[in-house]
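Colleague: Just work06.cif, nothing more (mmCIF, C-alpha atoms):
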```
data_data
#
loop_
_atom_site.label_atom_id
_atom_site.label_comp_id
_atom_site.auth_asym_id
_atom_site.auth_seq_id
_atom_site.Cartn_x
_atom_site.Cartn_y
_atom_site.Cartn_z
CA MET A 1 -224.91 -42.86 -106.15
CA LEU A 2 -223.05 -39.85 -104.75
CA ARG A 3 -226.33 -38.11 -103.89
CA ARG A 4 -227.58 -41.20 -102.04
CA SER A 5 -224.31 -41.39 -100.11
CA LEU A 6 -224.52 -37.73 -99.11
CA LEU A 7 -228.12 -38.07 -97.98
CA ALA A 8 -227.26 -41.14 -95.93
CA ALA A 9 -224.35 -39.32 -94.31
CA ALA A 10 -226.58 -36.31 -93.51
CA ALA A 11 -229.18 -38.56 -91.92
CA LEU A 12 -226.54 -40.24 -89.80
CA LEU A 13 -225.19 -36.88 -88.68
CA ALA A 14 -228.66 -35.66 -87.72
CA ALA A 15 -229.20 -38.72 -85.51
CA ARG A 16 -225.81 -38.63 -83.76
CA PRO A 17 -225.93 -37.16 -80.22
CA LEU A 18 -223.39 -34.45 -79.37
CA PHE A 19 -223.30 -35.42 -75.69
CA SER A 20 -223.01 -38.90 -74.21
CA PRO A 21 -225.86 -39.49 -71.76
CA GLY A 22 -223.64 -41.58 -69.48
CA ALA A 23 -225.29 -41.92 -66.10
CA PHE A 24 -228.14 -39.62 -67.11
CA ALA A 25 -230.01 -42.00 -69.44
CA GLN A 26 -233.75 -41.54 -68.98
CA PRO A 27 -235.63 -44.60 -70.23
CA ALA A 28 -239.41 -44.40 -70.45
CA ASP A 29 -241.96 -47.05 -69.54
CA ALA A 30 -244.14 -48.67 -72.21
CA ALA A 31 -247.08 -46.30 -71.72
CA THR A 32 -244.86 -43.22 -71.94
CA ARG A 33 -243.07 -44.52 -75.02
CA ALA A 34 -246.39 -45.22 -76.75
CA GLN A 35 -247.50 -41.62 -76.21
CA LEU A 36 -244.12 -39.93 -76.76
CA LEU A 37 -243.02 -42.04 -79.74
CA PRO A 38 -246.12 -42.90 -81.81
CA ALA A 39 -243.93 -43.44 -84.91
CA GLY A 40 -241.35 -45.50 -83.01
CA ARG A 41 -238.86 -42.64 -83.50
CA LEU A 42 -238.45 -39.28 -81.78
CA ARG A 43 -239.73 -36.60 -84.18
CA VAL A 44 -238.57 -33.11 -83.17
CA GLY A 45 -239.71 -29.80 -84.67
CA ILE A 46 -236.77 -27.44 -85.26
CA GLY A 47 -236.87 -23.79 -86.37
CA VAL A 48 -234.02 -22.99 -88.78
CA GLY A 49 -232.64 -19.65 -90.00
CA PRO A 50 -229.39 -17.82 -90.72
CA ALA A 51 -228.76 -16.79 -87.09
CA ALA A 52 -228.23 -19.03 -84.07
CA SER A 53 -230.18 -18.66 -80.83
CA ALA A 54 -231.62 -20.79 -78.06
CA PHE A 55 -234.48 -21.46 -80.51
CA TRP A 56 -233.02 -20.98 -84.01
CA ALA A 57 -230.80 -23.65 -85.51
CA MET A 58 -228.66 -22.86 -88.55
CA ARG A 59 -229.00 -24.77 -91.81
CA GLN A 60 -225.69 -26.22 -92.97
CA PRO A 61 -224.47 -26.43 -96.60
CA ASP A 62 -225.34 -30.14 -96.71
CA GLY A 63 -228.95 -29.43 -95.73
CA THR A 64 -228.66 -30.56 -92.09
CA ALA A 65 -229.09 -28.20 -89.15
CA ARG A 66 -226.81 -27.26 -86.26
CA GLY A 67 -227.87 -25.51 -83.10
CA VAL A 68 -228.95 -25.67 -79.47
CA THR A 69 -232.28 -27.32 -80.23
CA VAL A 70 -230.64 -29.87 -82.52
CA ALA A 71 -228.20 -30.80 -79.76
CA LEU A 72 -231.04 -31.14 -77.25
CA ALA A 73 -233.05 -33.24 -79.71
CA GLN A 74 -230.06 -35.52 -80.26
CA GLU A 75 -229.62 -35.90 -76.52
CA ALA A 76 -233.30 -36.67 -75.94
CA ALA A 77 -233.26 -39.39 -78.61
CA SER A 78 -230.04 -40.81 -77.17
CA ARG A 79 -231.49 -41.02 -73.66
CA LEU A 80 -234.58 -42.76 -75.04
CA GLY A 81 -232.45 -45.07 -77.20
CA VAL A 82 -234.44 -44.36 -80.38
CA PRO A 83 -233.71 -42.93 -83.84
CA LEU A 84 -234.20 -39.20 -84.35
CA ASP A 85 -236.13 -37.41 -87.10
CA LEU A 86 -235.69 -33.63 -87.33
CA LEU A 87 -238.50 -31.65 -88.93
CA LEU A 88 -236.83 -28.44 -90.14
CA LEU A 89 -239.17 -25.43 -90.40
CA ASN A 90 -238.66 -21.75 -91.21
CA SER A 91 -240.21 -20.08 -88.16
CA SER A 92 -241.58 -20.71 -84.70
CA GLY A 93 -245.03 -20.15 -86.21
CA GLU A 94 -244.50 -23.05 -88.59
CA VAL A 95 -243.29 -25.22 -85.71
CA VAL A 96 -246.45 -24.40 -83.76
CA GLU A 97 -248.71 -25.20 -86.71
CA ALA A 98 -246.98 -28.56 -87.29
CA GLY A 99 -247.49 -29.57 -83.67
CA ALA A 100 -250.98 -28.22 -83.05
CA THR A 101 -252.88 -30.33 -85.60
CA ALA A 102 -255.08 -33.34 -84.85
CA THR A 103 -252.16 -35.55 -85.93
CA PRO A 104 -249.03 -33.63 -84.87
CA ALA A 105 -246.00 -33.87 -87.16
CA TRP A 106 -243.60 -33.78 -84.22
CA ASP A 107 -243.50 -35.33 -80.75
CA LEU A 108 -241.19 -32.85 -78.99
CA SER A 109 -239.98 -29.34 -79.67
CA PHE A 110 -238.42 -26.24 -78.13
CA MET A 111 -239.63 -22.64 -78.52
CA PRO A 112 -240.15 -19.26 -76.84
CA VAL A 113 -243.23 -19.15 -74.65
CA ASP A 114 -246.17 -16.85 -75.31
CA ALA A 115 -249.87 -16.89 -74.52
CA GLU A 116 -251.01 -17.81 -78.04
CA ARG A 117 -248.78 -20.88 -78.06
CA VAL A 118 -249.71 -21.91 -74.53
CA ALA A 119 -253.31 -22.13 -75.73
CA ARG A 120 -252.33 -24.65 -78.43
CA LEU A 121 -249.41 -26.65 -76.99
CA ASP A 122 -248.25 -27.98 -73.62
CA PHE A 123 -245.10 -26.25 -72.37
CA GLY A 124 -242.61 -27.63 -69.90
CA PRO A 125 -239.94 -25.68 -67.99
CA ASP A 126 -237.78 -22.97 -69.54
CA TYR A 127 -234.21 -23.93 -70.41
CA TYR A 128 -233.09 -20.43 -71.45
CA LEU A 129 -234.02 -16.86 -70.55
CA SER A 130 -233.59 -14.21 -73.24
CA THR A 131 -234.36 -10.62 -74.14
CA SER A 132 -235.38 -9.09 -77.47
CA THR A 133 -234.14 -5.78 -78.85
CA TYR A 134 -233.45 -4.14 -82.22
CA LEU A 135 -230.52 -4.23 -84.60
CA ALA A 136 -230.10 -0.96 -86.51
CA PRO A 137 -228.42 -1.50 -89.91
CA ALA A 138 -225.84 0.95 -91.22
CA GLY A 139 -227.53 4.26 -92.00
CA SER A 140 -230.55 3.64 -89.77
CA PRO A 141 -231.79 6.63 -87.73
CA LEU A 142 -232.86 4.29 -84.91
CA ALA A 143 -230.88 5.11 -81.77
CA SER A 144 -232.88 3.59 -78.91
CA VAL A 145 -235.52 0.98 -78.19
CA GLU A 146 -237.92 3.76 -77.19
CA GLN A 147 -237.44 5.55 -80.53
CA ALA A 148 -238.75 2.47 -82.33
CA ASN A 149 -242.28 3.62 -81.49
CA THR A 150 -242.09 6.50 -83.97
CA PRO A 151 -244.03 7.08 -87.18
CA GLY A 152 -241.87 6.38 -90.22
CA ILE A 153 -239.53 3.93 -88.46
CA ARG A 154 -239.46 0.70 -90.46
CA LEU A 155 -239.20 -2.38 -88.25
CA TRP A 156 -238.89 -5.93 -89.55
CA GLY A 157 -239.13 -9.32 -87.86
CA VAL A 158 -240.24 -12.89 -88.52
CA ALA A 159 -243.98 -13.58 -88.78
CA ASN A 160 -245.82 -15.59 -86.12
CA THR A 161 -243.05 -15.20 -83.55
CA THR A 162 -243.21 -14.00 -79.96
CA THR A 163 -240.70 -11.28 -80.80
CA ILE A 164 -242.65 -9.68 -83.65
CA ARG A 165 -245.84 -9.71 -81.59
CA ALA A 166 -244.02 -7.98 -78.74
CA SER A 167 -242.64 -5.41 -81.18
CA GLN A 168 -246.13 -4.75 -82.52
CA ARG A 169 -247.41 -4.18 -78.96
CA THR A 170 -244.59 -1.90 -77.86
CA ALA A 171 -244.09 0.07 -81.10
CA PRO A 172 -247.61 0.50 -82.54
CA ARG A 173 -246.71 3.80 -84.26
CA ALA A 174 -243.91 2.27 -86.33
CA THR A 175 -244.32 0.52 -89.68
CA ILE A 176 -243.78 -3.17 -88.90
CA THR A 177 -243.26 -5.86 -91.53
CA ALA A 178 -243.55 -9.53 -90.56
CA ALA A 179 -241.45 -11.52 -93.03
CA ALA A 180 -241.92 -15.22 -93.71
CA SER A 181 -238.30 -15.96 -92.78
CA LEU A 182 -235.14 -14.31 -91.51
CA ASP A 183 -233.64 -14.67 -94.97
CA GLN A 184 -236.30 -12.27 -96.24
CA VAL A 185 -235.37 -9.80 -93.51
CA MET A 186 -231.73 -9.99 -94.57
CA ALA A 187 -232.73 -9.34 -98.19
CA ALA A 188 -234.74 -6.27 -97.11
CA ILE A 189 -231.70 -4.95 -95.23
CA ALA A 190 -229.62 -5.32 -98.39
CA ARG A 191 -232.25 -3.25 -100.25
CA GLY A 192 -232.09 -0.48 -97.63
CA GLU A 193 -235.68 -1.01 -96.47
CA VAL A 194 -235.04 -1.66 -92.76
CA ASP A 195 -234.45 0.72 -89.84
CA GLY A 196 -234.62 -1.96 -87.15
CA VAL A 197 -234.66 -5.76 -86.92
CA ALA A 198 -236.63 -7.22 -84.01
CA LEU A 199 -235.02 -10.43 -82.74
CA GLY A 200 -233.72 -12.11 -79.61
CA ARG A 201 -230.41 -10.68 -78.44
CA GLU A 202 -228.45 -13.87 -79.13
CA SER A 203 -229.72 -13.97 -82.72
CA LEU A 204 -228.72 -10.34 -83.22
CA ASP A 205 -225.25 -11.08 -81.82
CA SER A 206 -224.94 -13.82 -84.43
CA LEU A 207 -226.06 -11.52 -87.27
CA LEU A 208 -223.93 -8.50 -86.32
CA PRO A 209 -220.63 -9.65 -87.90
CA ARG A 210 -222.42 -10.05 -91.25
CA LEU A 211 -223.71 -6.46 -91.30
CA PRO A 212 -220.87 -3.89 -91.35
CA GLY A 213 -221.87 -0.65 -89.65
CA ALA A 214 -224.84 -2.20 -87.86
CA ARG A 215 -225.34 -1.83 -84.12
CA ILE A 216 -227.48 -3.53 -81.48
CA LEU A 217 -229.54 -1.20 -79.30
CA ASP A 218 -229.12 -1.28 -75.52
CA GLY A 219 -232.03 -2.42 -73.40
CA HIS A 220 -234.92 -4.56 -74.60
CA PHE A 221 -238.60 -4.42 -75.49
CA HIS A 222 -239.40 -7.99 -74.42
CA ALA A 223 -238.06 -10.70 -72.14
CA LEU A 224 -239.11 -14.35 -72.22
CA GLY A 225 -238.19 -17.94 -71.58
CA THR A 226 -237.53 -20.61 -74.20
CA ALA A 227 -238.95 -23.96 -73.14
CA ILE A 228 -239.43 -27.59 -74.04
CA VAL A 229 -242.88 -28.34 -75.47
CA VAL A 230 -245.09 -31.26 -76.53
CA PRO A 231 -248.45 -31.49 -78.35
CA ARG A 232 -251.60 -31.04 -76.26
CA ASN A 233 -253.18 -33.84 -74.25
CA ARG A 234 -250.05 -35.98 -73.92
CA PRO A 235 -249.48 -35.94 -70.14
CA LEU A 236 -246.96 -38.79 -70.12
CA SER A 237 -244.94 -37.06 -72.87
CA HIS A 238 -245.10 -33.84 -70.89
CA ALA A 239 -243.86 -35.52 -67.73
CA TRP A 240 -240.92 -37.13 -69.57
CA ALA A 241 -240.04 -33.87 -71.33
CA THR A 242 -240.12 -31.98 -68.02
CA ALA A 243 -237.80 -34.50 -66.35
CA PHE A 244 -235.49 -34.53 -69.38
CA ILE A 245 -234.99 -30.77 -69.60
CA GLU A 246 -234.53 -30.32 -65.86
CA THR A 247 -231.89 -33.07 -65.86
CA ALA A 248 -230.25 -31.56 -68.94
CA LYS A 249 -230.00 -28.22 -67.16
CA ALA A 250 -228.59 -29.80 -64.02
CA ASP A 251 -226.00 -32.05 -65.71
CA GLY A 252 -224.60 -29.31 -67.97
CA THR A 253 -226.09 -30.53 -71.27
CA VAL A 254 -227.96 -27.27 -71.91
CA ARG A 255 -224.92 -25.16 -71.00
CA ARG A 256 -222.72 -27.12 -73.40
CA ALA A 257 -225.29 -26.80 -76.18
CA LEU A 258 -225.40 -23.03 -75.70
CA ASP A 259 -221.61 -22.73 -75.51
CA ALA A 260 -221.20 -24.73 -78.73
CA MET A 261 -223.17 -22.00 -80.54
CA GLY A 262 -221.43 -19.10 -78.82
CA ILE A 263 -224.50 -18.18 -76.74
CA THR A 264 -223.41 -16.79 -73.39
CA GLY A 265 -226.81 -16.02 -71.87
CA PRO A 266 -228.08 -17.80 -68.78
CA VAL A 267 -229.49 -21.30 -68.47
CA ALA A 268 -232.89 -20.96 -66.83
CA PRO A 269 -232.97 -21.90 -63.13
CA ALA A 270 -234.44 -25.20 -62.00
CA GLY A 271 -238.23 -25.11 -62.18
CA SER A 272 -238.28 -21.87 -64.22
CA ARG A 273 -241.56 -21.32 -66.08
CA THR A 274 -242.52 -18.24 -68.05
CA ALA A 275 -245.78 -16.70 -66.81
CA GLY A 276 -248.74 -18.40 -68.46
CA ALA A 277 -246.91 -21.64 -69.32
#
```
Starting from the file, give its structure as structure tokens.

Modeller:
Amino acid sequence: MLRRSLLAAAALLAARPLFSPGAFAQPADAATRAQLLPAGRLRVGIGVGPAASAFWAMRQPDGTARGVTVALAQEAASRLGVPLDLLLLNSSGEVVEAGATATPAWDLSFMPVDAERVARLDFGPDYYLSTSTYLAPAGSPLASVEQANTPGIRLWGVANTTTIRASQRTAPRATITAAASLDQVMAAIARGEVDGVALGRESLDSLLPRLPGARILDGHFHALGTAIVVPRNRPLSHAWATAFIETAKADGTVRRALDAMGITGPVAPAGSRTAGA
């Protein structure tokens, strides 16, 4: 009985919007709703990990998730007036795979833009612009982004992400390990196996207090936008998602979602699109 009550409470929390849509409600016509909501609910793919970012949500002790993308998903469902289902996955690669099948597992998502994903999904405008750099754990010899491209330097990141691919391009002489999740990266740090962690700057800012003696390197090896996205060949869904995220940027919803997670980086300008998207 207690377990059922907790699960019901968690489901209610996941479906509750953080921001009232007020005058910004964005209903969709019947044709758009049929394409955007094939299950009659808004299913949103969410990447979860131990550090918050414009993409990463954080898993809570009760099994729910909290983060920028969760807040945006809640707001989208609220403006449509439908229930929300969050599909929690361990990496952006898993989110891509779940949305790029013949029968996608989600209807809407949010993720960093790169060419491989653009070939498999339909991206809308950016809502956040971010840079990626390295975190050097205590005892690491890594002192600069440029030094990362050195034989013997051990770099870690999360597999199938834009950031790890950028690290592999810009530091081909280093030893780079692509872990299945950020939790695995944290475990490798604890074992003393990591000289640098490749992540978005906001994620590294979130991790830093948990790693005494660690430091974040100045500069960056990659810059990119994080955008709203839908499965391929859903033009009405794409049009609604584009209008939603542009309105959410203009009315302050995106800024509030970022602020709630302590992310101070910039909301992307109106109409912003990463090259290739």

Colleague: Would you write out, as CSV, a table of all residues in stretch 84-153 of chain A that have an atom no more than 9 Å from an atom of stretch 63-70 of chain A, listing for each the closest atom pair and the distance in Å to one decimal, considering all atoms listed in the file and ordering rows by chain and rising residue number?

Modeller:
```
residue,atom,partner,partner_atom,distance
A:Leu86,CA,A:Val70,CA,7.9
A:Leu88,CA,A:Ala65,CA,7.8
A:Ser109,CA,A:Thr69,CA,8.0
A:Phe110,CA,A:Thr69,CA,6.6
A:Met111,CA,A:Thr69,CA,8.9
```

Colleague: Write the residues you've just listed into a file as a compact mmCIF listing (two decimals), in the coordinates of the input, and include C-alpha atoms for each of them.

Modeller:
```txt
# COMPACT_ATOMS: atom_id res chain seq x y z
CA LEU A 86 -235.69 -33.63 -87.33
CA LEU A 88 -236.83 -28.44 -90.14
CA SER A 109 -239.98 -29.34 -79.67
CA PHE A 110 -238.42 -26.24 -78.13
CA MET A 111 -239.63 -22.64 -78.52
```

Colleague: Please expand the PyMOL selection byres ((chain A and resi 76) around 10) into the concrete residues it hits in this file, giving the result as a ChimeraX atom specification.

Modeller: /A:17,21,25-26,42,44,70-75,77-82,84,108,240-241,244-245,248

Colleague: One decimal, in Å: what's the spacing between atom CA of A:Ser91 and atom CA of A:Arg210?

Modeller: 20.7 Å

Colleague: Expressed in Å to a single decimal, how great is the separation between atom CA of A:Ala268 and atom CA of A:Val96?

Modeller: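 Going from atom CA of A:Ala268 over to atom CA of A:Val96, I get 22.0 Å.
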
Colleague: So which one's closest to A:Ala159, A:Ser92, A:Thr242, A:Thr264, A:Thr101? Using all atoms listed in the file, please.

Modeller: A:Ser92

Colleague: Output stretch 222-233 of chain A as a PDB file, in the coordinates of the input, making sure all heavy atoms are there.

Modeller:
```pdb
ATOM      1  N   HIS A 222    -238.700  -6.765 -74.838  1.00  0.00           N
ATOM      2  CA  HIS A 222    -239.400  -7.990 -74.420  1.00  0.00           C
ATOM      3  C   HIS A 222    -238.409  -8.940 -73.774  1.00  0.00           C
ATOM      4  O   HIS A 222    -237.247  -8.997 -74.177  1.00  0.00           O
ATOM      5  CB  HIS A 222    -240.041  -8.662 -75.637  1.00  0.00           C
ATOM      6  CG  HIS A 222    -240.915  -9.833 -75.305  1.00  0.00           C
ATOM      7  ND1 HIS A 222    -242.039  -9.723 -74.527  1.00  0.00           N
ATOM      8  CD2 HIS A 222    -240.838 -11.144 -75.649  1.00  0.00           C
ATOM      9  CE1 HIS A 222    -242.613 -10.898 -74.407  1.00  0.00           C
ATOM     10  NE2 HIS A 222    -241.907 -11.782 -75.069  1.00  0.00           N
ATOM     11  N   ALA A 223    -238.862  -9.658 -72.776  1.00  0.00           N
ATOM     12  CA  ALA A 223    -238.060 -10.700 -72.140  1.00  0.00           C
ATOM     13  C   ALA A 223    -238.929 -11.951 -72.014  1.00  0.00           C
ATOM     14  O   ALA A 223    -240.124 -11.861 -71.717  1.00  0.00           O
ATOM     15  CB  ALA A 223    -237.576 -10.259 -70.762  1.00  0.00           C
ATOM     16  N   LEU A 224    -238.319 -13.113 -72.242  1.00  0.00           N
ATOM     17  CA  LEU A 224    -239.110 -14.350 -72.220  1.00  0.00           C
ATOM     18  C   LEU A 224    -238.223 -15.561 -71.998  1.00  0.00           C
ATOM     19  O   LEU A 224    -237.000 -15.497 -72.118  1.00  0.00           O
ATOM     20  CB  LEU A 224    -239.868 -14.531 -73.536  1.00  0.00           C
ATOM     21  CG  LEU A 224    -239.075 -14.996 -74.757  1.00  0.00           C
ATOM     22  CD1 LEU A 224    -240.020 -15.563 -75.809  1.00  0.00           C
ATOM     23  CD2 LEU A 224    -238.268 -13.860 -75.349  1.00  0.00           C
ATOM     24  N   GLY A 225    -238.887 -16.672 -71.690  1.00  0.00           N
ATOM     25  CA  GLY A 225    -238.190 -17.940 -71.580  1.00  0.00           C
ATOM     26  C   GLY A 225    -238.386 -18.765 -72.844  1.00  0.00           C
ATOM     27  O   GLY A 225    -239.381 -18.625 -73.557  1.00  0.00           O
ATOM     28  N   THR A 226    -237.412 -19.618 -73.130  1.00  0.00           N
ATOM     29  CA  THR A 226    -237.530 -20.610 -74.200  1.00  0.00           C
ATOM     30  C   THR A 226    -237.619 -21.964 -73.514  1.00  0.00           C
ATOM     31  O   THR A 226    -236.811 -22.276 -72.632  1.00  0.00           O
ATOM     32  CB  THR A 226    -236.322 -20.547 -75.140  1.00  0.00           C
ATOM     33  OG1 THR A 226    -236.205 -19.225 -75.662  1.00  0.00           O
ATOM     34  CG2 THR A 226    -236.489 -21.521 -76.297  1.00  0.00           C
ATOM     35  N   ALA A 227    -238.601 -22.770 -73.910  1.00  0.00           N
ATOM     36  CA  ALA A 227    -238.950 -23.960 -73.140  1.00  0.00           C
ATOM     37  C   ALA A 227    -239.104 -25.188 -74.022  1.00  0.00           C
ATOM     38  O   ALA A 227    -239.235 -25.100 -75.244  1.00  0.00           O
ATOM     39  CB  ALA A 227    -240.250 -23.722 -72.370  1.00  0.00           C
ATOM     40  N   ILE A 228    -239.096 -26.334 -73.373  1.00  0.00           N
ATOM     41  CA  ILE A 228    -239.430 -27.590 -74.040  1.00  0.00           C
ATOM     42  C   ILE A 228    -240.949 -27.672 -74.160  1.00  0.00           C
ATOM     43  O   ILE A 228    -241.690 -27.136 -73.320  1.00  0.00           O
ATOM     44  CB  ILE A 228    -238.846 -28.784 -73.266  1.00  0.00           C
ATOM     45  CG1 ILE A 228    -238.844 -30.047 -74.132  1.00  0.00           C
ATOM     46  CG2 ILE A 228    -239.569 -29.007 -71.944  1.00  0.00           C
ATOM     47  CD1 ILE A 228    -237.969 -31.156 -73.561  1.00  0.00           C
ATOM     48  N   VAL A 229    -241.445 -28.336 -75.214  1.00  0.00           N
ATOM     49  CA  VAL A 229    -242.880 -28.340 -75.470  1.00  0.00           C
ATOM     50  C   VAL A 229    -243.295 -29.646 -76.144  1.00  0.00           C
ATOM     51  O   VAL A 229    -242.499 -30.268 -76.861  1.00  0.00           O
ATOM     52  CB  VAL A 229    -243.269 -27.113 -76.341  1.00  0.00           C
ATOM     53  CG1 VAL A 229    -242.569 -27.151 -77.677  1.00  0.00           C
ATOM     54  CG2 VAL A 229    -244.773 -27.005 -76.538  1.00  0.00           C
ATOM     55  N   VAL A 230    -244.524 -30.070 -75.885  1.00  0.00           N
ATOM     56  CA  VAL A 230    -245.090 -31.260 -76.530  1.00  0.00           C
ATOM     57  C   VAL A 230    -246.495 -30.915 -77.022  1.00  0.00           C
ATOM     58  O   VAL A 230    -247.086 -29.917 -76.595  1.00  0.00           O
ATOM     59  CB  VAL A 230    -245.166 -32.467 -75.552  1.00  0.00           C
ATOM     60  CG1 VAL A 230    -243.778 -32.856 -75.069  1.00  0.00           C
ATOM     61  CG2 VAL A 230    -246.097 -32.164 -74.375  1.00  0.00           C
ATOM     62  N   PRO A 231    -247.058 -31.717 -77.925  1.00  0.00           N
ATOM     63  CA  PRO A 231    -248.450 -31.490 -78.350  1.00  0.00           C
ATOM     64  C   PRO A 231    -249.412 -31.605 -77.168  1.00  0.00           C
ATOM     65  O   PRO A 231    -249.108 -32.222 -76.138  1.00  0.00           O
ATOM     66  CB  PRO A 231    -248.691 -32.605 -79.377  1.00  0.00           C
ATOM     67  CG  PRO A 231    -247.326 -32.942 -79.891  1.00  0.00           C
ATOM     68  CD  PRO A 231    -246.426 -32.811 -78.703  1.00  0.00           C
ATOM     69  N   ARG A 232    -250.599 -31.032 -77.325  1.00  0.00           N
ATOM     70  CA  ARG A 232    -251.600 -31.040 -76.260  1.00  0.00           C
ATOM     71  C   ARG A 232    -252.075 -32.451 -75.956  1.00  0.00           C
ATOM     72  O   ARG A 232    -252.060 -33.338 -76.791  1.00  0.00           O
ATOM     73  CB  ARG A 232    -252.805 -30.174 -76.647  1.00  0.00           C
ATOM     74  CG  ARG A 232    -252.528 -28.691 -76.775  1.00  0.00           C
ATOM     75  CD  ARG A 232    -252.052 -28.063 -75.475  1.00  0.00           C
ATOM     76  NE  ARG A 232    -253.051 -28.111 -74.433  1.00  0.00           N
ATOM     77  CZ  ARG A 232    -253.934 -27.128 -74.217  1.00  0.00           C
ATOM     78  NH1 ARG A 232    -253.955 -26.075 -75.006  1.00  0.00           N
ATOM     79  NH2 ARG A 232    -254.791 -27.225 -73.232  1.00  0.00           N
ATOM     80  N   ASN A 233    -252.507 -32.618 -74.702  1.00  0.00           N
ATOM     81  CA  ASN A 233    -253.180 -33.840 -74.250  1.00  0.00           C
ATOM     82  C   ASN A 233    -252.271 -35.070 -74.318  1.00  0.00           C
ATOM     83  O   ASN A 233    -252.738 -36.174 -74.628  1.00  0.00           O
ATOM     84  CB  ASN A 233    -254.470 -34.084 -75.036  1.00  0.00           C
ATOM     85  CG  ASN A 233    -255.436 -32.926 -74.920  1.00  0.00           C
ATOM     86  OD1 ASN A 233    -255.647 -32.390 -73.824  1.00  0.00           O
ATOM     87  ND2 ASN A 233    -256.020 -32.518 -76.039  1.00  0.00           N
TER      88      ASN A 233
END
```
